$ cat coords22.pdb   # PDB, C-alpha atoms, pLDDT in the B column
ATOM      1  CA  MET A  12      56.566  11.439 -67.451  1.00 60.00           C
ATOM      2  CA  LYS A  13      53.885  13.240 -65.454  1.00 73.00           C
ATOM      3  CA  ILE A  14      52.418  11.527 -62.415  1.00 80.00           C
ATOM      4  CA  ASN A  15      48.907  11.761 -63.803  1.00 83.00           C
ATOM      5  CA  ASN A  16      49.984  10.015 -66.973  1.00 83.00           C
ATOM      6  CA  PHE A  17      51.777   7.326 -65.031  1.00 83.00           C
ATOM      7  CA  ILE A  18      48.636   6.463 -63.082  1.00 87.00           C
ATOM      8  CA  TYR A  19      46.760   5.834 -66.329  1.00 86.00           C
ATOM      9  CA  VAL A  20      49.553   3.514 -67.492  1.00 85.00           C
ATOM     10  CA  LEU A  21      49.343   1.620 -64.190  1.00 86.00           C
ATOM     11  CA  LEU A  22      45.559   1.234 -64.467  1.00 88.00           C
ATOM     12  CA  ALA A  23      45.889  -0.071 -68.025  1.00 87.00           C
ATOM     13  CA  ALA A  24      48.506  -2.537 -66.817  1.00 86.00           C
ATOM     14  CA  TYR A  25      46.214  -3.810 -64.036  1.00 87.00           C
ATOM     15  CA  LEU A  26      43.355  -4.266 -66.486  1.00 88.00           C
ATOM     16  CA  ALA A  27      45.651  -6.149 -68.864  1.00 86.00           C
ATOM     17  CA  THR A  28      46.960  -8.393 -66.079  1.00 86.00           C
ATOM     18  CA  PHE A  29      43.460  -9.445 -65.034  1.00 85.00           C
ATOM     19  CA  LEU A  30      42.368 -10.014 -68.618  1.00 86.00           C
ATOM     20  CA  ARG A  31      45.415 -12.250 -69.079  1.00 85.00           C
ATOM     21  CA  LEU A  32      44.561 -14.215 -65.946  1.00 84.00           C
ATOM     22  CA  ILE A  33      40.923 -14.619 -67.007  1.00 85.00           C
ATOM     23  CA  ILE A  34      41.648 -15.826 -70.557  1.00 82.00           C
ATOM     24  CA  ASN A  35      44.528 -18.014 -69.329  1.00 80.00           C
ATOM     25  CA  ASN A  36      45.584 -19.298 -72.739  1.00 82.00           C
ATOM     26  CA  ASN A  37      48.924 -18.077 -73.983  1.00 81.00           C
ATOM     27  CA  PHE A  38      48.370 -18.639 -77.690  1.00 84.00           C
ATOM     28  CA  PHE A  39      45.067 -16.740 -77.887  1.00 86.00           C
ATOM     29  CA  ILE A  40      46.490 -13.922 -75.795  1.00 87.00           C
ATOM     30  CA  SER A  41      49.438 -13.422 -78.123  1.00 86.00           C
ATOM     31  CA  ILE A  42      47.187 -13.547 -81.206  1.00 88.00           C
ATOM     32  CA  ILE A  43      44.731 -10.983 -79.806  1.00 88.00           C
ATOM     33  CA  GLY A  44      47.560  -8.763 -78.591  1.00 87.00           C
ATOM     34  CA  SER A  45      49.361  -8.787 -81.927  1.00 88.00           C
ATOM     35  CA  PHE A  46      46.192  -8.072 -83.886  1.00 88.00           C
ATOM     36  CA  LEU A  47      45.150  -5.138 -81.728  1.00 88.00           C
ATOM     37  CA  MET A  48      48.678  -3.746 -81.648  1.00 86.00           C
ATOM     38  CA  GLY A  49      48.866  -3.808 -85.435  1.00 86.00           C
ATOM     39  CA  PHE A  50      45.459  -2.163 -85.525  1.00 87.00           C
ATOM     40  CA  PHE A  51      46.511   0.722 -83.283  1.00 85.00           C
ATOM     41  CA  ILE A  52      50.009   1.266 -84.698  1.00 83.00           C
ATOM     42  CA  SER A  53      48.769   2.519 -88.057  1.00 82.00           C
ATOM     43  CA  ARG A  54      46.632   5.234 -86.438  1.00 81.00           C
ATOM     44  CA  ARG A  55      48.270   8.525 -85.547  1.00 80.00           C
ATOM     45  CA  LEU A  56      48.221   8.548 -81.745  1.00 78.00           C
ATOM     46  CA  SER A  57      49.177  11.259 -79.308  1.00 82.00           C
ATOM     47  CA  TYR A  58      52.203  10.693 -77.063  1.00 81.00           C
ATOM     48  CA  SER A  59      50.263   9.878 -73.897  1.00 81.00           C
ATOM     49  CA  THR A  60      47.815   7.526 -75.642  1.00 82.00           C
ATOM     50  CA  GLU A  61      50.718   5.715 -77.239  1.00 81.00           C
ATOM     51  CA  LYS A  62      52.389   5.308 -73.838  1.00 81.00           C
ATOM     52  CA  ILE A  63      49.189   3.998 -72.262  1.00 83.00           C
ATOM     53  CA  LEU A  64      48.360   1.542 -75.033  1.00 83.00           C
ATOM     54  CA  LEU A  65      51.755   0.269 -76.178  1.00 82.00           C
ATOM     55  CA  SER A  66      53.834   0.504 -73.034  1.00 80.00           C
ATOM     56  CA  GLY A  67      51.073  -0.223 -70.543  1.00 82.00           C
ATOM     57  CA  PHE A  68      48.304  -2.339 -71.971  1.00 86.00           C
ATOM     58  CA  PHE A  69      49.741  -4.554 -74.708  1.00 85.00           C
ATOM     59  CA  SER A  70      53.088  -5.140 -73.036  1.00 84.00           C
ATOM     60  CA  CYS A  71      51.378  -6.424 -69.926  1.00 85.00           C
ATOM     61  CA  PHE A  72      48.740  -8.331 -71.854  1.00 86.00           C
ATOM     62  CA  THR A  73      51.184 -10.478 -73.787  1.00 86.00           C
ATOM     63  CA  SER A  74      53.990 -12.117 -71.876  1.00 83.00           C
ATOM     64  CA  PHE A  75      57.245 -13.396 -73.275  1.00 83.00           C
ATOM     65  CA  SER A  76      57.948 -15.585 -70.252  1.00 83.00           C
ATOM     66  CA  GLY A  77      54.768 -17.574 -70.857  1.00 84.00           C
ATOM     67  CA  PHE A  78      55.953 -18.207 -74.399  1.00 85.00           C
ATOM     68  CA  ILE A  79      59.389 -19.368 -73.194  1.00 86.00           C
ATOM     69  CA  TYR A  80      57.783 -21.587 -70.554  1.00 85.00           C
ATOM     70  CA  PHE A  81      55.519 -23.185 -73.164  1.00 86.00           C
ATOM     71  CA  LEU A  82      58.579 -23.946 -75.326  1.00 86.00           C
ATOM     72  CA  TYR A  83      60.453 -25.290 -72.300  1.00 86.00           C
ATOM     73  CA  ARG A  84      57.684 -27.785 -71.554  1.00 86.00           C
ATOM     74  CA  ILE A  85      57.841 -29.094 -75.139  1.00 87.00           C
ATOM     75  CA  LEU A  86      61.638 -29.233 -75.003  1.00 86.00           C
ATOM     76  CA  ASN A  87      61.481 -31.127 -71.739  1.00 85.00           C
ATOM     77  CA  GLN A  88      59.663 -33.984 -73.491  1.00 87.00           C
ATOM     78  CA  GLY A  89      62.718 -34.352 -75.753  1.00 82.00           C
ATOM     79  CA  ASP A  90      60.815 -33.609 -78.933  1.00 82.00           C
ATOM     80  CA  TRP A  91      63.171 -31.442 -81.032  1.00 87.00           C
ATOM     81  CA  ILE A  92      61.136 -31.413 -84.232  1.00 89.00           C
ATOM     82  CA  LYS A  93      57.953 -30.372 -82.429  1.00 88.00           C
ATOM     83  CA  PHE A  94      59.927 -27.655 -80.626  1.00 87.00           C
ATOM     84  CA  ILE A  95      61.266 -26.115 -83.844  1.00 89.00           C
ATOM     85  CA  ILE A  96      57.863 -26.320 -85.573  1.00 90.00           C
ATOM     86  CA  PHE A  97      56.027 -24.641 -82.686  1.00 87.00           C
ATOM     87  CA  LEU A  98      58.682 -21.943 -82.290  1.00 87.00           C
ATOM     88  CA  ASN A  99      58.554 -20.899 -85.921  1.00 89.00           C
ATOM     89  CA  LEU A 100      54.784 -21.313 -86.180  1.00 90.00           C
ATOM     90  CA  ILE A 101      53.997 -19.046 -83.222  1.00 88.00           C
ATOM     91  CA  ILE A 102      56.291 -16.234 -84.323  1.00 88.00           C
ATOM     92  CA  ILE A 103      55.237 -16.339 -87.991  1.00 89.00           C
ATOM     93  CA  VAL A 104      51.518 -16.498 -87.133  1.00 90.00           C
ATOM     94  CA  ASN A 105      51.901 -13.533 -84.772  1.00 89.00           C
ATOM     95  CA  LEU A 106      53.877 -11.507 -87.317  1.00 88.00           C
ATOM     96  CA  PHE A 107      51.259 -12.039 -90.009  1.00 89.00           C
ATOM     97  CA  THR A 108      48.432 -11.323 -87.572  1.00 90.00           C
ATOM     98  CA  MET A 109      50.051  -7.968 -86.836  1.00 88.00           C
ATOM     99  CA  LEU A 110      50.390  -7.290 -90.572  1.00 89.00           C
ATOM    100  CA  PHE A 111      46.725  -8.230 -91.025  1.00 90.00           C
ATOM    101  CA  GLY A 112      45.641  -5.830 -88.273  1.00 89.00           C
ATOM    102  CA  PHE A 113      47.752  -3.074 -89.822  1.00 88.00           C
ATOM    103  CA  TRP A 114      46.189  -3.705 -93.236  1.00 90.00           C
ATOM    104  CA  ILE A 115      42.608  -3.744 -91.898  1.00 89.00           C
ATOM    105  CA  SER A 116      43.173  -0.503 -90.038  1.00 86.00           C
ATOM    106  CA  ARG A 117      44.486   1.119 -93.228  1.00 86.00           C
ATOM    107  CA  LYS A 118      41.453  -0.140 -95.168  1.00 86.00           C
ATOM    108  CA  ILE A 119      38.886   1.225 -92.722  1.00 84.00           C
ATOM    109  CA  THR A 120      40.197   4.776 -92.590  1.00 71.00           C
TER     110      THR A 120
ATOM    111  CA  MET B  25      40.998 -15.838 -55.778  1.00 65.00           C
ATOM    112  CA  ASP B  26      41.079 -14.093 -52.415  1.00 77.00           C
ATOM    113  CA  PHE B  27      42.166 -10.584 -51.505  1.00 82.00           C
ATOM    114  CA  SER B  28      45.796 -11.269 -50.584  1.00 83.00           C
ATOM    115  CA  SER B  29      46.641 -13.046 -53.857  1.00 83.00           C
ATOM    116  CA  ILE B  30      45.102 -10.186 -55.840  1.00 85.00           C
ATOM    117  CA  SER B  31      47.158  -7.658 -53.912  1.00 86.00           C
ATOM    118  CA  ILE B  32      50.356  -9.687 -54.502  1.00 86.00           C
ATOM    119  CA  ILE B  33      49.613  -9.765 -58.245  1.00 85.00           C
ATOM    120  CA  LEU B  34      48.978  -6.010 -58.291  1.00 87.00           C
ATOM    121  CA  LEU B  35      52.198  -5.292 -56.380  1.00 87.00           C
ATOM    122  CA  GLY B  36      54.196  -7.558 -58.691  1.00 86.00           C
ATOM    123  CA  SER B  37      52.775  -5.988 -61.819  1.00 86.00           C
ATOM    124  CA  THR B  38      53.512  -2.501 -60.496  1.00 88.00           C
ATOM    125  CA  PHE B  39      57.160  -3.394 -59.899  1.00 87.00           C
ATOM    126  CA  GLY B  40      57.439  -5.093 -63.280  1.00 86.00           C
ATOM    127  CA  LEU B  41      56.009  -2.078 -65.071  1.00 86.00           C
ATOM    128  CA  ILE B  42      58.275   0.395 -63.272  1.00 87.00           C
ATOM    129  CA  LEU B  43      61.366  -1.734 -63.899  1.00 87.00           C
ATOM    130  CA  ARG B  44      60.519  -2.111 -67.592  1.00 85.00           C
ATOM    131  CA  ILE B  45      59.965   1.630 -68.063  1.00 84.00           C
ATOM    132  CA  PHE B  46      63.218   2.337 -66.200  1.00 85.00           C
ATOM    133  CA  ILE B  47      65.167  -0.005 -68.493  1.00 83.00           C
ATOM    134  CA  LYS B  48      63.433   1.473 -71.529  1.00 81.00           C
ATOM    135  CA  ASN B  49      64.420   5.013 -70.587  1.00 80.00           C
ATOM    136  CA  ASN B  50      68.006   4.273 -69.609  1.00 78.00           C
ATOM    137  CA  PHE B  51      69.324   1.776 -72.170  1.00 72.00           C
ATOM    138  CA  LYS B  52      68.734   3.525 -75.436  1.00 65.00           C
ATOM    139  CA  LYS B  53      71.979   2.732 -77.221  1.00 61.00           C
ATOM    140  CA  SER B  54      72.498  -0.611 -78.921  1.00 58.00           C
ATOM    141  CA  ILE B  55      75.456  -2.567 -77.597  1.00 57.00           C
ATOM    142  CA  GLY B  56      77.630  -4.469 -80.082  1.00 50.00           C
ATOM    143  CA  PHE B  57      75.193  -6.067 -82.463  1.00 53.00           C
ATOM    144  CA  ASN B  58      71.555  -5.210 -82.510  1.00 56.00           C
ATOM    145  CA  ILE B  59      70.421  -5.634 -78.880  1.00 61.00           C
ATOM    146  CA  GLN B  60      67.776  -3.095 -77.903  1.00 70.00           C
ATOM    147  CA  HIS B  61      65.929  -2.436 -74.679  1.00 73.00           C
ATOM    148  CA  THR B  62      63.064  -4.834 -75.454  1.00 78.00           C
ATOM    149  CA  SER B  63      65.535  -7.647 -75.909  1.00 81.00           C
ATOM    150  CA  ILE B  64      67.295  -6.786 -72.633  1.00 83.00           C
ATOM    151  CA  VAL B  65      63.953  -6.987 -70.809  1.00 84.00           C
ATOM    152  CA  ASN B  66      63.149 -10.324 -72.421  1.00 86.00           C
ATOM    153  CA  PHE B  67      66.549 -11.829 -71.617  1.00 87.00           C
ATOM    154  CA  LEU B  68      66.283 -10.744 -67.987  1.00 87.00           C
ATOM    155  CA  SER B  69      62.768 -12.165 -67.698  1.00 88.00           C
ATOM    156  CA  SER B  70      63.839 -15.506 -69.147  1.00 88.00           C
ATOM    157  CA  PHE B  71      66.693 -15.570 -66.623  1.00 89.00           C
ATOM    158  CA  PHE B  72      64.171 -15.095 -63.786  1.00 88.00           C
ATOM    159  CA  LEU B  73      61.918 -17.741 -65.328  1.00 88.00           C
ATOM    160  CA  GLY B  74      64.796 -20.229 -65.303  1.00 88.00           C
ATOM    161  CA  ILE B  75      65.258 -19.593 -61.583  1.00 88.00           C
ATOM    162  CA  LEU B  76      61.519 -20.099 -60.986  1.00 86.00           C
ATOM    163  CA  VAL B  77      61.376 -23.336 -62.981  1.00 85.00           C
ATOM    164  CA  ALA B  78      64.320 -24.725 -61.012  1.00 85.00           C
ATOM    165  CA  LEU B  79      62.459 -23.880 -57.784  1.00 84.00           C
ATOM    166  CA  ASN B  80      59.443 -25.866 -59.068  1.00 80.00           C
ATOM    167  CA  PHE B  81      57.010 -22.968 -59.117  1.00 73.00           C
ATOM    168  CA  ILE B  82      53.885 -24.887 -60.168  1.00 74.00           C
ATOM    169  CA  ASN B  83      53.463 -26.420 -56.716  1.00 76.00           C
ATOM    170  CA  ASN B  84      54.247 -23.210 -54.836  1.00 75.00           C
ATOM    171  CA  GLU B  85      51.407 -20.709 -54.712  1.00 77.00           C
ATOM    172  CA  MET B  86      53.575 -17.694 -53.830  1.00 80.00           C
ATOM    173  CA  LEU B  87      55.961 -18.231 -56.740  1.00 81.00           C
ATOM    174  CA  MET B  88      53.013 -18.833 -59.081  1.00 81.00           C
ATOM    175  CA  LEU B  89      51.631 -15.415 -58.161  1.00 82.00           C
ATOM    176  CA  PHE B  90      55.103 -13.937 -58.715  1.00 83.00           C
ATOM    177  CA  TYR B  91      55.208 -15.564 -62.154  1.00 83.00           C
ATOM    178  CA  SER B  92      51.827 -14.291 -63.292  1.00 83.00           C
ATOM    179  CA  GLY B  93      52.175 -10.840 -61.737  1.00 83.00           C
ATOM    180  CA  PHE B  94      55.781  -9.732 -61.986  1.00 86.00           C
ATOM    181  CA  LEU B  95      57.095 -11.722 -64.940  1.00 85.00           C
ATOM    182  CA  GLY B  96      53.908 -11.326 -66.970  1.00 83.00           C
ATOM    183  CA  CYS B  97      54.121  -7.564 -66.725  1.00 85.00           C
ATOM    184  CA  PHE B  98      57.895  -7.345 -66.980  1.00 86.00           C
ATOM    185  CA  SER B  99      58.327  -9.329 -70.182  1.00 85.00           C
ATOM    186  CA  THR B 100      56.717  -8.170 -73.382  1.00 84.00           C
ATOM    187  CA  PHE B 101      55.985 -10.375 -76.360  1.00 85.00           C
ATOM    188  CA  SER B 102      54.156  -7.748 -78.394  1.00 83.00           C
ATOM    189  CA  SER B 103      57.141  -5.381 -78.507  1.00 83.00           C
ATOM    190  CA  PHE B 104      59.284  -8.250 -79.767  1.00 84.00           C
ATOM    191  CA  ILE B 105      56.794  -8.899 -82.557  1.00 86.00           C
ATOM    192  CA  TYR B 106      56.692  -5.156 -83.202  1.00 84.00           C
ATOM    193  CA  GLN B 107      60.465  -5.066 -83.717  1.00 83.00           C
ATOM    194  CA  LEU B 108      60.166  -7.900 -86.228  1.00 85.00           C
ATOM    195  CA  PHE B 109      57.258  -6.082 -87.889  1.00 85.00           C
ATOM    196  CA  ASP B 110      59.285  -2.880 -88.130  1.00 84.00           C
ATOM    197  CA  LEU B 111      62.139  -4.713 -89.849  1.00 84.00           C
ATOM    198  CA  PHE B 112      59.619  -6.444 -92.129  1.00 85.00           C
ATOM    199  CA  LYS B 113      58.115  -3.110 -93.170  1.00 85.00           C
ATOM    200  CA  LYS B 114      61.549  -1.686 -93.996  1.00 85.00           C
ATOM    201  CA  ARG B 115      62.258  -4.842 -96.092  1.00 85.00           C
ATOM    202  CA  LYS B 116      65.413  -5.723 -94.172  1.00 81.00           C
ATOM    203  CA  PHE B 117      64.844  -9.478 -94.350  1.00 84.00           C
ATOM    204  CA  PHE B 118      68.372 -10.486 -93.454  1.00 85.00           C
ATOM    205  CA  ARG B 119      68.331  -8.312 -90.319  1.00 83.00           C
ATOM    206  CA  LEU B 120      64.910  -9.784 -89.437  1.00 84.00           C
ATOM    207  CA  PHE B 121      66.155 -13.350 -89.699  1.00 86.00           C
ATOM    208  CA  PHE B 122      69.281 -12.542 -87.709  1.00 85.00           C
ATOM    209  CA  HIS B 123      67.332 -10.754 -84.962  1.00 83.00           C
ATOM    210  CA  TYR B 124      64.863 -13.630 -84.719  1.00 85.00           C
ATOM    211  CA  ILE B 125      67.602 -16.229 -84.252  1.00 87.00           C
ATOM    212  CA  GLU B 126      69.498 -14.005 -81.830  1.00 85.00           C
ATOM    213  CA  VAL B 127      66.550 -13.350 -79.500  1.00 85.00           C
ATOM    214  CA  ILE B 128      65.495 -17.004 -79.286  1.00 87.00           C
ATOM    215  CA  PHE B 129      69.077 -18.228 -78.822  1.00 88.00           C
ATOM    216  CA  PHE B 130      69.956 -15.743 -76.072  1.00 87.00           C
ATOM    217  CA  SER B 131      66.613 -16.256 -74.294  1.00 88.00           C
ATOM    218  CA  PHE B 132      67.216 -19.975 -73.976  1.00 88.00           C
ATOM    219  CA  LEU B 133      70.850 -19.357 -73.005  1.00 90.00           C
ATOM    220  CA  PHE B 134      69.767 -17.069 -70.152  1.00 90.00           C
ATOM    221  CA  PHE B 135      66.945 -19.453 -69.229  1.00 89.00           C
ATOM    222  CA  TYR B 136      69.328 -22.383 -68.762  1.00 89.00           C
ATOM    223  CA  LEU B 137      71.848 -20.122 -67.015  1.00 90.00           C
ATOM    224  CA  GLY B 138      69.259 -19.348 -64.329  1.00 89.00           C
ATOM    225  CA  TYR B 139      68.071 -22.953 -64.255  1.00 88.00           C
ATOM    226  CA  PHE B 140      71.495 -24.495 -63.648  1.00 89.00           C
ATOM    227  CA  LEU B 141      72.479 -21.721 -61.254  1.00 88.00           C
ATOM    228  CA  ILE B 142      69.778 -22.907 -58.846  1.00 85.00           C
ATOM    229  CA  ARG B 143      70.157 -26.626 -59.622  1.00 83.00           C
ATOM    230  CA  PHE B 144      73.856 -26.846 -58.787  1.00 84.00           C
ATOM    231  CA  PHE B 145      74.196 -24.448 -55.845  1.00 75.00           C
TER     232      PHE B 145
END
$ encode --input "coords22.pdb" --output "structure tokens"
Amino acid sequence: MKINNFIYVLLAAYLATFLRLIINNNFFISIIGSFLMGFFISRRLSYSTEKILLSGFFSCFTSFSGFIYFLYRILNQGDWIKFIIFLNLIIIVNLFTMLFGFWISRKIT
Amino acid sequence: MDFSSISIILLGSTFGLILRIFIKNNFKKSIGFNIQHTSIVNFLSSFFLGILVALNFINNEMLMLFYSGFLGCFSTFSSFIYQLFDLFKKRKFFRLFFHYIEVIFFSFLFFYLGYFLIRFF
């Protein structure tokens, strides 16, 4: 990877980090991230744009550790049924949001 | 938010990004059953999160900044969803279900590994 390209990835990551800190709600962040990622996947992107968007911006915008921590707090209350419902709900909602973004992007072009 | 906390977050996110790209470039083969580089990153980040939870990171400002800077940039939820989406598009529903169970199971395994590592020693 060229150094010039790497700097763009870093700047996208910083922007994503501050957006995540400003919104500060894990569920909305994952929904927005999945939708936009589905939207951009269906376009034909160049190699550097794909690196900047997928590897820099969206990966830093959504965080898996926040998701695990949210599940841990539910599990810590001893509520197994709520834990399983939330786990499946979050992943299925995100998967279908990404499909929806993909579909909309196909429809527009 | 003052200047020093912002600089700590920026430093943490830089290290997280570099470490993730390094893992992505160097672990391309799948080991045993279907573990790819995104899953390795997520397992490692849940291991670190277990350590942080055992250290009670909510009351410690330094560890909180480490959580939101380093771990937020190191772990990636959208790539995990993208893997599921890729399997969904290829209509491999059994592989999708298996991958889903595997990632959640191993993440919590690594999480509690880190948690009890700090708790007992």
$ residues_around --input "coords22.pdb" --residues "Arg55 in chain A" --least-positions-apart "6" --cutoff "12 Å" --atoms "all atoms listed in the file" --output "MDAnalysis selection string"
chainID A and resid 61 116:117 120
$ interface_residues --input "coords22.pdb" --of "chain B" --to "chain A" --cutoff "8 Å" --atoms "all atoms listed in the file" --output "list of chain:residue names"
B:Leu34, B:Ser37, B:Thr38, B:Leu41, B:Ile45, B:Asn66, B:Ser69, B:Ser70, B:Leu73, B:Ser92, B:Gly93, B:Leu95, B:Gly96, B:Cys97, B:Phe98, B:Ser99, B:Thr100, B:Phe101, B:Ser102, B:Ser103, B:Ile105, B:Leu108, B:Phe109, B:Ser131, B:Phe132
$ atom_distance --input "coords22.pdb" --atom1 "CA of Phe104 in chain B" --atom2 "CA of Phe81 in chain B"
25.5 Å
$ atom_distance --input "coords22.pdb" --atom1 "CA of Met88 in chain B" --atom2 "CA of Arg143 in chain B"
18.8 Å
$ atom_distance --input "coords22.pdb" --atom1 "CA of Tyr139 in chain B" --atom2 "CA of Phe39 in chain B"
22.8 Å
$ residues_around --input "coords22.pdb" --residues "Met86 in chain B" --least-positions-apart "6" --cutoff "12 Å" --atoms "all atoms listed in the file" --output "list in words"
Ser28, Ser29, Ile30, Ser31, Ile32, Ile33, Gly36, Leu76, Leu79, Asn80, Ser92, Gly93 and Phe94 of chain B
